[in-house]
>>> print(open('run.pdb').read())   # PDB, C-alpha atoms, pLDDT in the B column
ATOM      1  CA  MET A 751      -2.440  12.814  20.474  1.00 52.00           C
ATOM      2  CA  THR A 752      -5.056  12.239  17.779  1.00 69.00           C
ATOM      3  CA  ARG A 753      -5.100   8.756  16.266  1.00 81.00           C
ATOM      4  CA  GLY A 754      -3.821   8.596  12.715  1.00 86.00           C
ATOM      5  CA  ARG A 755      -5.816   7.537   9.678  1.00 95.00           C
ATOM      6  CA  PHE A 756      -5.745   4.005   8.311  1.00 98.00           C
ATOM      7  CA  ILE A 757      -6.202   3.762   4.538  1.00 98.00           C
ATOM      8  CA  THR A 758      -6.043   0.467   2.648  1.00 98.00           C
ATOM      9  CA  PHE A 759      -5.726  -0.368  -1.052  1.00 98.00           C
ATOM     10  CA  GLU A 760      -7.297  -3.490  -2.514  1.00 98.00           C
ATOM     11  CA  GLY A 761      -7.754  -5.124  -5.908  1.00 97.00           C
ATOM     12  CA  ILE A 762      -6.578  -7.985  -8.062  1.00 94.00           C
ATOM     13  CA  GLU A 763      -3.082  -8.302  -9.508  1.00 90.00           C
ATOM     14  CA  GLY A 764      -2.237  -5.482 -11.887  1.00 89.00           C
ATOM     15  CA  ALA A 765      -4.986  -3.124 -10.690  1.00 93.00           C
ATOM     16  CA  GLY A 766      -2.498  -0.395  -9.727  1.00 93.00           C
ATOM     17  CA  LYS A 767      -2.788  -0.444  -5.947  1.00 95.00           C
ATOM     18  CA  SER A 768       0.895   0.082  -5.287  1.00 94.00           C
ATOM     19  CA  SER A 769       1.166   2.939  -7.777  1.00 95.00           C
ATOM     20  CA  LEU A 770      -1.789   4.769  -6.247  1.00 98.00           C
ATOM     21  CA  GLN A 771      -0.436   4.164  -2.755  1.00 98.00           C
ATOM     22  CA  ARG A 772       2.924   5.708  -3.664  1.00 97.00           C
ATOM     23  CA  ALA A 773       1.343   8.718  -5.369  1.00 98.00           C
ATOM     24  CA  LEU A 774      -1.001   9.308  -2.465  1.00 98.00           C
ATOM     25  CA  ALA A 775       1.828   9.004   0.057  1.00 98.00           C
ATOM     26  CA  GLU A 776       3.787  11.665  -1.826  1.00 98.00           C
ATOM     27  CA  ALA A 777       0.763  13.954  -2.025  1.00 97.00           C
ATOM     28  CA  LEU A 778      -0.047  13.630   1.680  1.00 96.00           C
ATOM     29  CA  THR A 779       3.587  14.134   2.678  1.00 97.00           C
ATOM     30  CA  ALA A 780       3.685  17.296   0.573  1.00 97.00           C
ATOM     31  CA  ARG A 781       0.665  18.526   2.527  1.00 95.00           C
ATOM     32  CA  GLY A 782       2.499  18.099   5.818  1.00 96.00           C
ATOM     33  CA  HIS A 783       1.222  14.721   6.992  1.00 95.00           C
ATOM     34  CA  VAL A 784       3.491  12.050   8.425  1.00 97.00           C
ATOM     35  CA  VAL A 785       2.865   8.967   6.282  1.00 98.00           C
ATOM     36  CA  CYS A 786       3.639   5.305   6.928  1.00 98.00           C
ATOM     37  CA  ALA A 787       3.439   3.429   3.609  1.00 98.00           C
ATOM     38  CA  THR A 788       3.483  -0.338   4.006  1.00 98.00           C
ATOM     39  CA  ARG A 789       2.177  -3.576   2.507  1.00 98.00           C
ATOM     40  CA  GLU A 790       0.718  -6.973   3.269  1.00 98.00           C
ATOM     41  CA  PRO A 791       1.764  -9.594   3.609  1.00 97.00           C
ATOM     42  CA  GLY A 792       4.909  -7.940   4.880  1.00 97.00           C
ATOM     43  CA  GLY A 793       5.761  -4.565   6.349  1.00 97.00           C
ATOM     44  CA  THR A 794       8.153  -5.733   9.076  1.00 98.00           C
ATOM     45  CA  PRO A 795      11.231  -8.015   8.917  1.00 98.00           C
ATOM     46  CA  LEU A 796       9.288 -10.914  10.445  1.00 98.00           C
ATOM     47  CA  ALA A 797       6.233 -10.387   8.255  1.00 98.00           C
ATOM     48  CA  GLU A 798       8.415 -10.121   5.140  1.00 97.00           C
ATOM     49  CA  GLU A 799       9.957 -13.511   5.921  1.00 98.00           C
ATOM     50  CA  ILE A 800       6.462 -14.992   6.193  1.00 97.00           C
ATOM     51  CA  ARG A 801       5.517 -13.237   2.927  1.00 96.00           C
ATOM     52  CA  ALA A 802       8.364 -14.937   1.096  1.00 95.00           C
ATOM     53  CA  LEU A 803       7.168 -18.310   2.349  1.00 95.00           C
ATOM     54  CA  ALA A 804       3.519 -17.612   1.516  1.00 94.00           C
ATOM     55  CA  LEU A 805       4.081 -16.337  -2.032  1.00 93.00           C
ATOM     56  CA  ALA A 806       6.853 -18.647  -3.227  1.00 92.00           C
ATOM     57  CA  ARG A 807       6.114 -21.102  -6.008  1.00 91.00           C
ATOM     58  CA  ARG A 808       6.212 -24.652  -4.643  1.00 88.00           C
ATOM     59  CA  SER A 809       6.322 -27.971  -6.440  1.00 86.00           C
ATOM     60  CA  ASP A 810       4.258 -29.533  -3.638  1.00 91.00           C
ATOM     61  CA  GLY A 811       1.644 -26.765  -3.600  1.00 89.00           C
ATOM     62  CA  MET A 812       0.110 -25.115  -0.548  1.00 94.00           C
ATOM     63  CA  PRO A 813      -3.217 -26.006   1.090  1.00 96.00           C
ATOM     64  CA  PRO A 814      -5.631 -23.039   1.246  1.00 96.00           C
ATOM     65  CA  THR A 815      -5.824 -23.207   5.036  1.00 97.00           C
ATOM     66  CA  THR A 816      -2.031 -23.023   5.304  1.00 97.00           C
ATOM     67  CA  GLU A 817      -2.045 -20.023   2.977  1.00 97.00           C
ATOM     68  CA  LEU A 818      -4.692 -18.298   5.103  1.00 98.00           C
ATOM     69  CA  LEU A 819      -2.862 -18.949   8.366  1.00 98.00           C
ATOM     70  CA  LEU A 820       0.409 -17.631   6.941  1.00 98.00           C
ATOM     71  CA  MET A 821      -1.323 -14.429   5.814  1.00 98.00           C
ATOM     72  CA  PHE A 822      -2.709 -13.861   9.276  1.00 98.00           C
ATOM     73  CA  ALA A 823       0.579 -14.748  10.966  1.00 98.00           C
ATOM     74  CA  ALA A 824       2.238 -12.013   8.912  1.00 98.00           C
ATOM     75  CA  ARG A 825      -0.676  -9.656   9.610  1.00 98.00           C
ATOM     76  CA  ALA A 826      -0.514 -10.153  13.365  1.00 98.00           C
ATOM     77  CA  ALA A 827       3.177  -9.219  13.376  1.00 98.00           C
ATOM     78  CA  HIS A 828       2.554  -6.249  11.083  1.00 98.00           C
ATOM     79  CA  VAL A 829      -0.262  -4.856  13.203  1.00 98.00           C
ATOM     80  CA  SER A 830       1.611  -5.259  16.461  1.00 97.00           C
ATOM     81  CA  GLN A 831       5.027  -4.071  15.308  1.00 97.00           C
ATOM     82  CA  ARG A 832       4.151  -1.343  12.803  1.00 98.00           C
ATOM     83  CA  LEU A 833       0.532  -0.429  12.144  1.00 98.00           C
ATOM     84  CA  ALA A 834      -0.719   0.100  15.673  1.00 97.00           C
ATOM     85  CA  PRO A 835       2.367   2.105  16.780  1.00 97.00           C
ATOM     86  CA  ALA A 836       2.208   4.354  13.691  1.00 98.00           C
ATOM     87  CA  LEU A 837      -1.483   5.070  14.208  1.00 97.00           C
ATOM     88  CA  ALA A 838      -0.886   5.781  17.883  1.00 96.00           C
ATOM     89  CA  ARG A 839       1.716   8.375  16.854  1.00 97.00           C
ATOM     90  CA  GLY A 840      -0.889  10.106  14.707  1.00 96.00           C
ATOM     91  CA  GLU A 841       0.525   9.026  11.328  1.00 97.00           C
ATOM     92  CA  TRP A 842      -1.459   8.341   8.169  1.00 97.00           C
ATOM     93  CA  VAL A 843      -0.996   4.631   7.441  1.00 98.00           C
ATOM     94  CA  LEU A 844      -1.351   3.649   3.778  1.00 98.00           C
ATOM     95  CA  CYS A 845      -1.394  -0.121   3.472  1.00 98.00           C
ATOM     96  CA  ASP A 846      -1.269  -2.096   0.221  1.00 98.00           C
ATOM     97  CA  ARG A 847      -3.744  -4.873   1.140  1.00 98.00           C
ATOM     98  CA  PHE A 848      -5.187  -5.811   4.515  1.00 98.00           C
ATOM     99  CA  THR A 849      -7.785  -8.313   5.741  1.00 98.00           C
ATOM    100  CA  ASP A 850     -10.153  -7.648   2.841  1.00 98.00           C
ATOM    101  CA  ALA A 851      -7.517  -9.351   0.688  1.00 98.00           C
ATOM    102  CA  SER A 852      -7.887 -12.517   2.756  1.00 98.00           C
ATOM    103  CA  ARG A 853     -11.658 -12.301   2.434  1.00 98.00           C
ATOM    104  CA  ALA A 854     -11.380 -11.922  -1.349  1.00 98.00           C
ATOM    105  CA  TYR A 855      -8.481 -14.280  -2.117  1.00 97.00           C
ATOM    106  CA  GLN A 856      -8.757 -17.045   0.463  1.00 98.00           C
ATOM    107  CA  GLY A 857     -12.513 -16.617   0.923  1.00 98.00           C
ATOM    108  CA  GLY A 858     -13.831 -15.754  -2.524  1.00 97.00           C
ATOM    109  CA  GLY A 859     -10.958 -17.269  -4.501  1.00 97.00           C
ATOM    110  CA  ARG A 860     -10.190 -20.391  -2.494  1.00 97.00           C
ATOM    111  CA  GLY A 861     -13.663 -20.919  -1.057  1.00 97.00           C
ATOM    112  CA  LEU A 862     -12.675 -20.881   2.619  1.00 98.00           C
ATOM    113  CA  ASP A 863     -15.378 -20.193   5.172  1.00 97.00           C
ATOM    114  CA  GLU A 864     -15.966 -16.523   5.949  1.00 96.00           C
ATOM    115  CA  GLY A 865     -16.445 -17.282   9.637  1.00 97.00           C
ATOM    116  CA  ILE A 866     -12.908 -18.669   9.900  1.00 98.00           C
ATOM    117  CA  ILE A 867     -11.473 -15.523   8.319  1.00 98.00           C
ATOM    118  CA  ASP A 868     -13.468 -13.289  10.655  1.00 97.00           C
ATOM    119  CA  ALA A 869     -12.299 -15.325  13.652  1.00 98.00           C
ATOM    120  CA  LEU A 870      -8.662 -14.919  12.641  1.00 98.00           C
ATOM    121  CA  ALA A 871      -9.190 -11.191  12.095  1.00 98.00           C
ATOM    122  CA  SER A 872     -10.579 -10.888  15.634  1.00 98.00           C
ATOM    123  CA  ILE A 873      -7.345 -12.441  16.921  1.00 97.00           C
ATOM    124  CA  ALA A 874      -4.872 -10.560  14.710  1.00 97.00           C
ATOM    125  CA  HIS A 875      -6.439  -7.097  14.969  1.00 97.00           C
ATOM    126  CA  PRO A 876      -9.446  -7.067  17.317  1.00 96.00           C
ATOM    127  CA  ALA A 877      -9.621  -3.279  17.590  1.00 91.00           C
ATOM    128  CA  LEU A 878      -8.327  -2.213  14.185  1.00 96.00           C
ATOM    129  CA  ALA A 879     -10.225  -1.622  10.941  1.00 96.00           C
ATOM    130  CA  PRO A 880      -9.501   0.683   8.000  1.00 98.00           C
ATOM    131  CA  ASP A 881     -11.000   4.158   8.018  1.00 97.00           C
ATOM    132  CA  LEU A 882     -11.235   4.028   4.231  1.00 97.00           C
ATOM    133  CA  THR A 883     -10.551   1.360   1.623  1.00 98.00           C
ATOM    134  CA  PHE A 884      -9.854   2.068  -2.030  1.00 98.00           C
ATOM    135  CA  LEU A 885     -10.870  -0.848  -4.239  1.00 98.00           C
ATOM    136  CA  LEU A 886      -9.248  -0.539  -7.654  1.00 98.00           C
ATOM    137  CA  ASP A 887     -11.589  -2.476  -9.896  1.00 97.00           C
ATOM    138  CA  LEU A 888     -10.287  -4.028 -13.095  1.00 95.00           C
ATOM    139  CA  ALA A 889     -11.261  -6.939 -15.333  1.00 94.00           C
ATOM    140  CA  PRO A 890      -9.081  -9.977 -14.558  1.00 92.00           C
ATOM    141  CA  GLU A 891      -7.870 -10.231 -18.164  1.00 92.00           C
ATOM    142  CA  ALA A 892      -6.516  -6.674 -18.044  1.00 91.00           C
ATOM    143  CA  GLY A 893      -5.032  -7.051 -14.574  1.00 88.00           C
ATOM    144  CA  LEU A 894      -3.160 -10.240 -15.386  1.00 84.00           C
ATOM    145  CA  ALA A 895      -1.852  -8.774 -18.619  1.00 84.00           C
ATOM    146  CA  ARG A 896      -0.441  -5.837 -16.663  1.00 84.00           C
ATOM    147  CA  ALA A 897       0.998  -8.036 -13.920  1.00 79.00           C
ATOM    148  CA  ARG A 898       2.682 -10.412 -16.320  1.00 76.00           C
ATOM    149  CA  ASN A 899       4.287  -7.537 -18.215  1.00 75.00           C
ATOM    150  CA  ARG A 900       6.145  -6.346 -15.138  1.00 72.00           C
ATOM    151  CA  GLN A 901       9.890  -6.851 -14.928  1.00 60.00           C
ATOM    152  CA  ASP A 902       9.836  -9.095 -11.847  1.00 67.00           C
ATOM    153  CA  ASN A 903       9.091 -12.814 -11.915  1.00 68.00           C
ATOM    154  CA  GLY A 904       5.837 -12.439  -9.995  1.00 69.00           C
ATOM    155  CA  ASP A 905       4.627 -14.972  -7.463  1.00 79.00           C
ATOM    156  CA  ARG A 906       2.463 -18.069  -7.382  1.00 85.00           C
ATOM    157  CA  PHE A 907      -0.778 -16.073  -7.279  1.00 87.00           C
ATOM    158  CA  GLU A 908      -0.068 -14.743 -10.760  1.00 81.00           C
ATOM    159  CA  ASP A 909      -0.002 -18.344 -11.972  1.00 83.00           C
ATOM    160  CA  GLU A 910      -3.656 -18.842 -11.046  1.00 88.00           C
ATOM    161  CA  ALA A 911      -6.314 -19.336 -13.719  1.00 88.00           C
ATOM    162  CA  LEU A 912      -8.500 -16.483 -14.899  1.00 91.00           C
ATOM    163  CA  ALA A 913     -11.515 -18.012 -13.134  1.00 94.00           C
ATOM    164  CA  PHE A 914      -9.752 -17.624  -9.784  1.00 94.00           C
ATOM    165  CA  PHE A 915      -9.321 -13.885 -10.287  1.00 95.00           C
ATOM    166  CA  ALA A 916     -12.901 -13.570 -11.502  1.00 96.00           C
ATOM    167  CA  ARG A 917     -14.027 -15.017  -8.150  1.00 97.00           C
ATOM    168  CA  VAL A 918     -11.665 -12.704  -6.255  1.00 97.00           C
ATOM    169  CA  ARG A 919     -12.929  -9.640  -8.104  1.00 97.00           C
ATOM    170  CA  ALA A 920     -16.569 -10.626  -7.552  1.00 98.00           C
ATOM    171  CA  HIS A 921     -15.943 -11.042  -3.833  1.00 98.00           C
ATOM    172  CA  TYR A 922     -14.217  -7.673  -3.590  1.00 98.00           C
ATOM    173  CA  LEU A 923     -17.249  -6.042  -5.185  1.00 98.00           C
ATOM    174  CA  LEU A 924     -19.514  -7.904  -2.761  1.00 98.00           C
ATOM    175  CA  LEU A 925     -17.484  -6.571   0.172  1.00 98.00           C
ATOM    176  CA  ALA A 926     -17.825  -3.056  -1.224  1.00 98.00           C
ATOM    177  CA  GLN A 927     -21.593  -3.478  -1.456  1.00 98.00           C
ATOM    178  CA  ARG A 928     -21.720  -4.644   2.150  1.00 97.00           C
ATOM    179  CA  GLU A 929     -19.723  -1.674   3.481  1.00 97.00           C
ATOM    180  CA  PRO A 930     -20.366   1.305   1.202  1.00 97.00           C
ATOM    181  CA  GLN A 931     -19.434   3.721   3.984  1.00 96.00           C
ATOM    182  CA  ARG A 932     -15.858   2.374   4.034  1.00 97.00           C
ATOM    183  CA  PHE A 933     -15.178   1.283   0.463  1.00 98.00           C
ATOM    184  CA  ARG A 934     -14.564   3.579  -2.471  1.00 98.00           C
ATOM    185  CA  VAL A 935     -14.544   1.689  -5.767  1.00 98.00           C
ATOM    186  CA  LEU A 936     -12.264   3.281  -8.359  1.00 98.00           C
ATOM    187  CA  ASP A 937     -12.185   2.427 -12.066  1.00 97.00           C
ATOM    188  CA  ALA A 938      -8.644   1.125 -12.471  1.00 96.00           C
ATOM    189  CA  THR A 939      -8.660   1.804 -16.214  1.00 96.00           C
ATOM    190  CA  GLN A 940      -8.268   5.505 -15.427  1.00 96.00           C
ATOM    191  CA  THR A 941      -4.887   7.205 -15.743  1.00 95.00           C
ATOM    192  CA  PRO A 942      -2.662   7.445 -12.644  1.00 95.00           C
ATOM    193  CA  ALA A 943      -3.379  11.186 -12.447  1.00 96.00           C
ATOM    194  CA  GLU A 944      -7.138  10.590 -12.578  1.00 97.00           C
ATOM    195  CA  LEU A 945      -6.926   7.921  -9.875  1.00 97.00           C
ATOM    196  CA  LEU A 946      -4.882  10.193  -7.626  1.00 97.00           C
ATOM    197  CA  ALA A 947      -7.326  13.061  -8.049  1.00 96.00           C
ATOM    198  CA  ALA A 948     -10.257  10.781  -7.224  1.00 96.00           C
ATOM    199  CA  ALA A 949      -8.496   9.398  -4.148  1.00 96.00           C
ATOM    200  CA  LEU A 950      -7.594  12.856  -2.849  1.00 96.00           C
ATOM    201  CA  GLN A 951     -11.181  13.962  -3.250  1.00 94.00           C
ATOM    202  CA  GLU A 952     -12.384  10.994  -1.198  1.00 93.00           C
ATOM    203  CA  LEU A 953      -9.761  11.667   1.487  1.00 91.00           C
ATOM    204  CA  ALA A 954     -10.931  15.256   1.932  1.00 87.00           C
ATOM    205  CA  ALA A 955     -13.638  14.030   4.314  1.00 79.00           C
ATOM    206  CA  LEU A 956     -10.983  12.580   6.616  1.00 74.00           C
TER     207      LEU A 956
END
>>> encode(input="run.pdb", output="structure tokens")
Amino acid sequence: MTRGRFITFEGIEGAGKSSLQRALAEALTARGHVVCATREPGGTPLAEEIRALALARRSDGMPPTTELLLMFAARAAHVSQRLAPALARGEWVLCDRFTDASRAYQGGGRGLDEGIIDALASIAHPALAPDLTFLLDLAPEAGLARARNRQDNGDRFEDEALAFFARVRAHYLLLAQREPQRFRVLDATQTPAELLAAALQELAAL
């Protein structure tokens, strides 16, 4: 059986990753593909429990290294229990965030060493990398305004200062420059229909 395709969606809070993921999943399903739509941190019962711990607001805070290790603990479970099996079955896996999020948030945002993140990635998913990554690029001011207008209560990342998200965005764009063959940077100020059309055009090569 042919291995499935692994597509990831990245960007700061409010960029529209989840909306594009859902629209693309519907479009691919309508075209006859079997689609596994999932998210990180999370995606399995175990990983979702770790997600709740990692994203909860805490009066005592959370050290950046603890945050990073929790993200990779959830990722290791997700890869083993869901991502790898779905790809082996030939499904298209659409994942809202993956290891690039750790590089951007814990690396670019928190300032943790890139070598540590790469080492953890080699443990959590030594043979797995996205076939294509959509980076929805948006100014931090606009992204936070969108995120804070949502109906849910958000999580502790949304409480971060604007400068944090500026660092995250800059690091995402740096990652895209490093791997232009994998990343597709999309202007997140476009309408949902425009974003979907752009994403489908990029997927045609796969």
>>> closest_atom_pairs(input="run.pdb", of="stretch 794-813 of chain A", to="stretch 821-840 of chain A", cutoff="12 Å", atoms="all atoms listed in the file", output="tab-separated table")
residue	atom	partner	partner_atom	distance
A:Thr794	CA	A:His828	CA	6.0
A:Pro795	CA	A:His828	CA	9.1
A:Leu796	CA	A:Ala827	CA	7.0
A:Ala797	CA	A:Ala824	CA	4.4
A:Glu798	CA	A:Ala824	CA	7.5
A:Glu799	CA	A:Ala824	CA	8.4
A:Ile800	CA	A:Ala824	CA	5.8
A:Arg801	CA	A:Ala824	CA	6.9
A:Ala802	CA	A:Ala824	CA	10.4
A:Leu803	CA	A:Met821	CA	10.0
A:Ala804	CA	A:Met821	CA	7.2
A:Leu805	CA	A:Met821	CA	9.7
>>> residues_around(input="run.pdb", residues="A:Leu956", least_positions_apart="3", cutoff="10 Å", atoms="only C-alpha atoms", output="PyMOL selection string")
chain A and resi 755+881-882+951-953
>>> residues_around(input="run.pdb", residues="stretch 763-766 of chain A", least_positions_apart="3", cutoff="7 Å", atoms="only C-alpha atoms", output="PDB file with C-alpha atoms, keeping the file's coordinate frame")
ATOM      1  CA  SER A 769       1.166   2.939  -7.777  1.00 95.00           C
ATOM      2  CA  LEU A 770      -1.789   4.769  -6.247  1.00 98.00           C
ATOM      3  CA  LEU A 886      -9.248  -0.539  -7.654  1.00 98.00           C
ATOM      4  CA  ASP A 887     -11.589  -2.476  -9.896  1.00 97.00           C
ATOM      5  CA  LEU A 888     -10.287  -4.028 -13.095  1.00 95.00           C
ATOM      6  CA  GLY A 893      -5.032  -7.051 -14.574  1.00 88.00           C
ATOM      7  CA  LEU A 894      -3.160 -10.240 -15.386  1.00 84.00           C
ATOM      8  CA  ARG A 896      -0.441  -5.837 -16.663  1.00 84.00           C
ATOM      9  CA  ALA A 897       0.998  -8.036 -13.920  1.00 79.00           C
ATOM     10  CA  ALA A 938      -8.644   1.125 -12.471  1.00 96.00           C
TER      11      ALA A 938
END
>>> atom_distance(input="run.pdb", atom1="atom CA of A:Glu929", atom2="atom CA of A:Pro880")
11.4 Å
>>> resolve_selection(input="run.pdb", expression="the PyMOL selection byres ((chain A and resi 842) around 6)", output="ChimeraX atom specification")
/A:754-755,785,841,843
>>> closest_residue(input="run.pdb", among="A:Asp909, A:Ile762, A:His921, A:Asp846", to="A:Pro890", atoms="all atoms listed in the file")
A:Ile762
>>> residues_around(input="run.pdb", residues="stretch 862-872 of chain A", least_positions_apart="2", cutoff="10 Å", atoms="only C-alpha atoms", output="list in words")
Pro814, Thr815, Leu818, Leu819, Phe822, Ala823, Arg825, Ala826, Thr849, Asp850, Ser852, Arg853, Ala854, Tyr855, Gln856, Gly857, Gly858, Gly859, Arg860, Ala874, His875, Pro876, Ala877, Leu878 and Ala879 of chain A
>>> resolve_selection(input="run.pdb", expression="the PyMOL selection byres ((chain A and resi 941-946) around 7)", output="list of chain:residue names")
A:Leu770, A:Ala773, A:Leu774, A:Thr939, A:Gln940, A:Ala947, A:Ala948, A:Ala949, A:Leu950
>>> atom_distance(input="run.pdb", atom1="atom CA of A:Phe933", atom2="atom CA of A:Ile757")
10.2 Å
>>> atom_distance(input="run.pdb", atom1="atom CA of A:Arg900", atom2="atom CA of A:Glu760")
18.7 Å
>>> closest_residue(input="run.pdb", among="A:Ile873, A:Val784, A:Ala889, A:Ala775", to="A:Leu844", atoms="all atoms listed in the file")
A:Ala775
>>> closest_residue(input="run.pdb", among="A:Ala955, A:Cys845, A:Met812, A:Ala913", to="A:Arg789", atoms="all atoms listed in the file")
A:Cys845
>>> residues_around(input="run.pdb", residues="A:Arg847", least_positions_apart="4", cutoff="10 Å", atoms="all atoms listed in the file", output="number ranges by chain")
A: 757-761, 767-768, 788-792, 851-852, 883-885
>>> axis_aligned_box(input="run.pdb", around="stretch 789-796 of chain A", padding_each_side="5 Å", output="lines of an AutoDock Vina configuration file")
center_x = 6.0
center_y = -7.2
center_z = 6.5
size_x = 20.5
size_y = 17.3
size_z = 17.9
